[in-house]
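One file, my_file.cif, carrying mmCIF, C-alpha atoms:
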```
data_data
#
loop_
_atom_site.label_atom_id
_atom_site.label_comp_id
_atom_site.auth_asym_id
_atom_site.auth_seq_id
_atom_site.Cartn_x
_atom_site.Cartn_y
_atom_site.Cartn_z
CA MET V 1 0.00 0.00 0.00
CA GLY V 2 1.43 3.36 -1.02
CA LEU V 3 1.81 6.22 1.41
CA GLN V 4 -0.98 8.20 -0.25
CA ALA V 5 -3.39 5.26 -0.01
CA TYR V 6 -2.48 4.78 3.65
CA GLN V 7 -3.07 8.48 4.39
CA GLN V 8 -6.45 8.41 2.65
CA ALA V 9 -7.52 5.31 4.59
CA ARG V 10 -6.40 6.86 7.87
CA ALA V 11 -8.25 10.10 7.10
CA ARG V 12 -11.48 8.15 6.50
CA SER V 13 -11.18 6.18 9.74
CA GLU V 14 -10.12 9.03 12.07
CA SER V 15 -12.63 11.10 13.97
CA PRO V 16 -11.99 14.87 13.93
CA ARG V 17 -10.81 14.65 17.55
CA GLU V 18 -8.37 11.84 16.68
CA ALA V 19 -7.06 13.87 13.74
CA GLU V 20 -6.54 16.89 16.03
CA TYR V 21 -4.74 14.70 18.57
CA ARG V 22 -2.47 13.27 15.86
CA LEU V 23 -1.71 16.74 14.49
CA PHE V 24 -0.92 18.10 17.95
CA GLY V 25 1.40 15.11 18.43
CA GLU V 26 3.24 15.81 15.18
CA VAL V 27 3.60 19.53 15.89
CA THR V 28 4.69 18.89 19.49
CA ARG V 29 7.31 16.41 18.30
CA ALA V 30 8.60 19.07 15.88
CA LEU V 31 8.82 21.57 18.76
CA MET V 32 10.71 19.03 20.89
CA ASP V 33 13.13 18.34 18.03
CA ALA V 34 13.62 22.08 17.51
CA ALA V 35 14.26 22.59 21.23
CA ALA V 36 16.96 19.92 21.07
CA ALA V 37 18.46 21.25 17.83
CA ALA V 38 21.71 23.17 17.75
CA PRO V 39 21.23 26.88 18.48
CA ASP V 40 22.43 27.74 14.98
CA ASP V 41 19.86 25.41 13.34
CA MET V 42 17.44 28.26 12.77
CA GLN V 43 15.56 26.48 9.97
CA THR V 44 14.43 23.64 12.25
CA ARG V 45 13.49 26.05 15.01
CA ILE V 46 11.57 28.47 12.79
CA ASN V 47 9.75 25.69 10.91
CA ALA V 48 8.50 24.11 14.15
CA LEU V 49 7.48 27.45 15.66
CA ASP V 50 5.69 28.50 12.49
CA TRP V 51 3.85 25.16 12.22
CA ASN V 52 2.71 25.43 15.84
CA ARG V 53 1.59 29.04 15.37
CA ARG V 54 -0.35 28.11 12.22
CA LEU V 55 -2.05 25.23 14.08
CA TRP V 56 -3.17 27.54 16.86
CA SER V 57 -4.25 30.26 14.40
CA THR V 58 -6.38 27.71 12.56
CA LEU V 59 -7.97 26.59 15.83
CA ALA V 60 -8.74 30.20 16.76
CA ALA V 61 -10.24 30.94 13.35
CA ASP V 62 -12.42 27.84 13.63
CA CYS V 63 -13.54 28.81 17.13
CA ALA V 64 -14.48 32.27 15.89
CA GLN V 65 -17.01 30.81 13.44
CA PRO V 66 -20.64 31.09 14.61
CA GLU V 67 -21.37 27.51 13.50
CA ASN V 68 -18.67 26.06 15.78
CA VAL V 69 -20.41 23.66 18.19
CA LEU V 70 -17.98 23.97 21.10
CA PRO V 71 -19.30 25.78 24.18
CA PRO V 72 -18.69 29.55 23.95
CA GLN V 73 -16.43 29.58 27.02
CA LEU V 74 -14.18 26.83 25.59
CA ARG V 75 -14.05 28.63 22.24
CA ALA V 76 -12.98 31.83 24.00
CA GLN V 77 -10.29 29.97 25.95
CA ILE V 78 -8.88 28.42 22.77
CA ILE V 79 -8.81 31.83 21.07
CA SER V 80 -7.07 33.31 24.12
CA LEU V 81 -4.50 30.49 24.11
CA SER V 82 -3.91 31.06 20.42
CA MET V 83 -3.13 34.71 21.07
CA TRP V 84 -0.75 33.73 23.88
CA VAL V 85 0.95 31.17 21.60
CA GLY V 86 1.52 33.91 19.02
CA ARG V 87 3.11 36.27 21.54
CA TYR V 88 5.16 33.55 23.23
CA THR V 89 6.35 32.21 19.87
CA SER V 90 7.73 35.64 19.02
CA SER V 91 9.56 35.64 22.33
CA VAL V 92 11.07 32.22 21.59
CA MET V 93 12.13 33.39 18.12
CA ARG V 94 13.94 36.34 19.71
CA GLY V 95 15.73 33.95 22.08
CA GLN V 96 14.00 35.38 25.17
CA ASP V 97 12.15 32.18 26.10
CA THR V 98 12.43 28.43 25.60
CA PHE V 99 10.16 25.98 23.80
CA ASP V 100 9.06 24.37 27.08
CA ALA V 101 5.84 26.30 27.66
CA LEU V 102 4.66 25.75 24.08
CA ILE V 103 5.33 22.03 24.41
CA ASP V 104 3.50 21.94 27.75
CA VAL V 105 0.41 23.71 26.37
CA ASN V 106 0.27 21.33 23.41
CA ARG V 107 0.57 18.32 25.71
CA ILE V 108 -2.27 19.64 27.86
CA MET V 109 -4.41 20.01 24.74
CA MET V 110 -3.56 16.44 23.76
CA GLN V 111 -4.57 15.21 27.21
CA GLY V 112 -7.89 17.03 26.88
CA LEU V 113 -8.49 15.59 23.42
CA ALA V 114 -7.64 12.09 24.67
CA ALA V 115 -9.94 12.42 27.70
CA ARG V 116 -12.83 13.66 25.57
CA SER V 117 -12.31 10.80 23.10
CA ALA V 118 -12.37 8.26 25.93
CA ALA V 119 -15.55 9.80 27.34
CA ALA V 120 -17.29 9.80 23.96
#
```

Take the structure I supplied and represent it as structure tokens, if you would.
Amino acid sequence: MGLQAYQQARARSESPREAEYRLFGEVTRALMDAAAAAPDDMQTRINALDWNRRLWSTLAADCAQPENVLPPQLRAQIISLSMWVGRYTSSVMRGQDTFDALIDVNRIMMQGLAARSAAA
């Protein structure tokens, strides 16, 4: 089975929550790799930070849609976290902070997604 066929089969069998969990896992792994990369490996660091920021921006944009079915308070919290991720990412890019807090927030989101999947 080719990679494309595998990806299509996986996409059909994953729930949206499982897909979000998998994506958070991939992005978090990229952040961890970037944190462990040599300080002069700017490409790895910037790619991981940008991917994480785009993930959070996408979540915020989705939560801002009136048809989003999440509770309004949860939507507001996700949007607020997205704004924090954007600011904190800039701080990491300037070398003022580490990747740790971004990794921690993503792991917390993964735990929440896993708990909600188990409850469903």

Write out as lines of an AutoDock Vina configuration file an axis-aligned box for range 90-97 of chain V: all of its atoms listed in the file, 4 Å added on each side, centre and edge lengths in Å with one decimal.
```
center_x = 11.7
center_y = 34.3
center_z = 22.1
size_x = 16.0
size_y = 12.2
size_z = 16.0
```

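Each of V:Gln73, V:Thr98, V:Ser15, V:Gln111 was compared to Ala34 in chain V using all atoms listed in the file, and V:Thr98 turns out to be the nearest.
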
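What the PyMOL selection byres ((chain V and resi 99) around 10) grabs from this file is Thr28, Leu31, Met32, Ala34, Ala35, Ala36, Arg45, Ala48, Leu49, Tyr88, Thr89, Ser91, Val92, Met93, Gly95, Asp97, Thr98, Asp100, Ala101, Leu102, Ile103 and Asp104 of chain V.
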
Inset, instruction - Considering only C-alpha atoms, return as a list in words whatever protein or nucleic-acid residues lie within 12 Å of Ala115 in chain V, sequence-local ones (same chain, fewer than 6 positions apart) excluded. - result: Arg17, Glu18, Tyr21, Ile108 and Met109 of chain V

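When all atoms listed in the file are used to compute distances to Arg94 in chain V, the closest of the residues V:Asp41, V:Glu20, V:Ile46, V:Cys63 turns out to be V:Ile46.
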
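Once Trp84 in chain V and its same-chain neighbours fewer than 3 positions away are set aside, Arg53, Trp56, Ser57, Ala60, Gln77, Ile78, Ile79, Ser80, Leu81, Arg87, Tyr88, Thr89, Ser90, Ser91, Ala101, Leu102 and Val105 of chain V remain within 12 Å of it when counting all atoms listed in the file.
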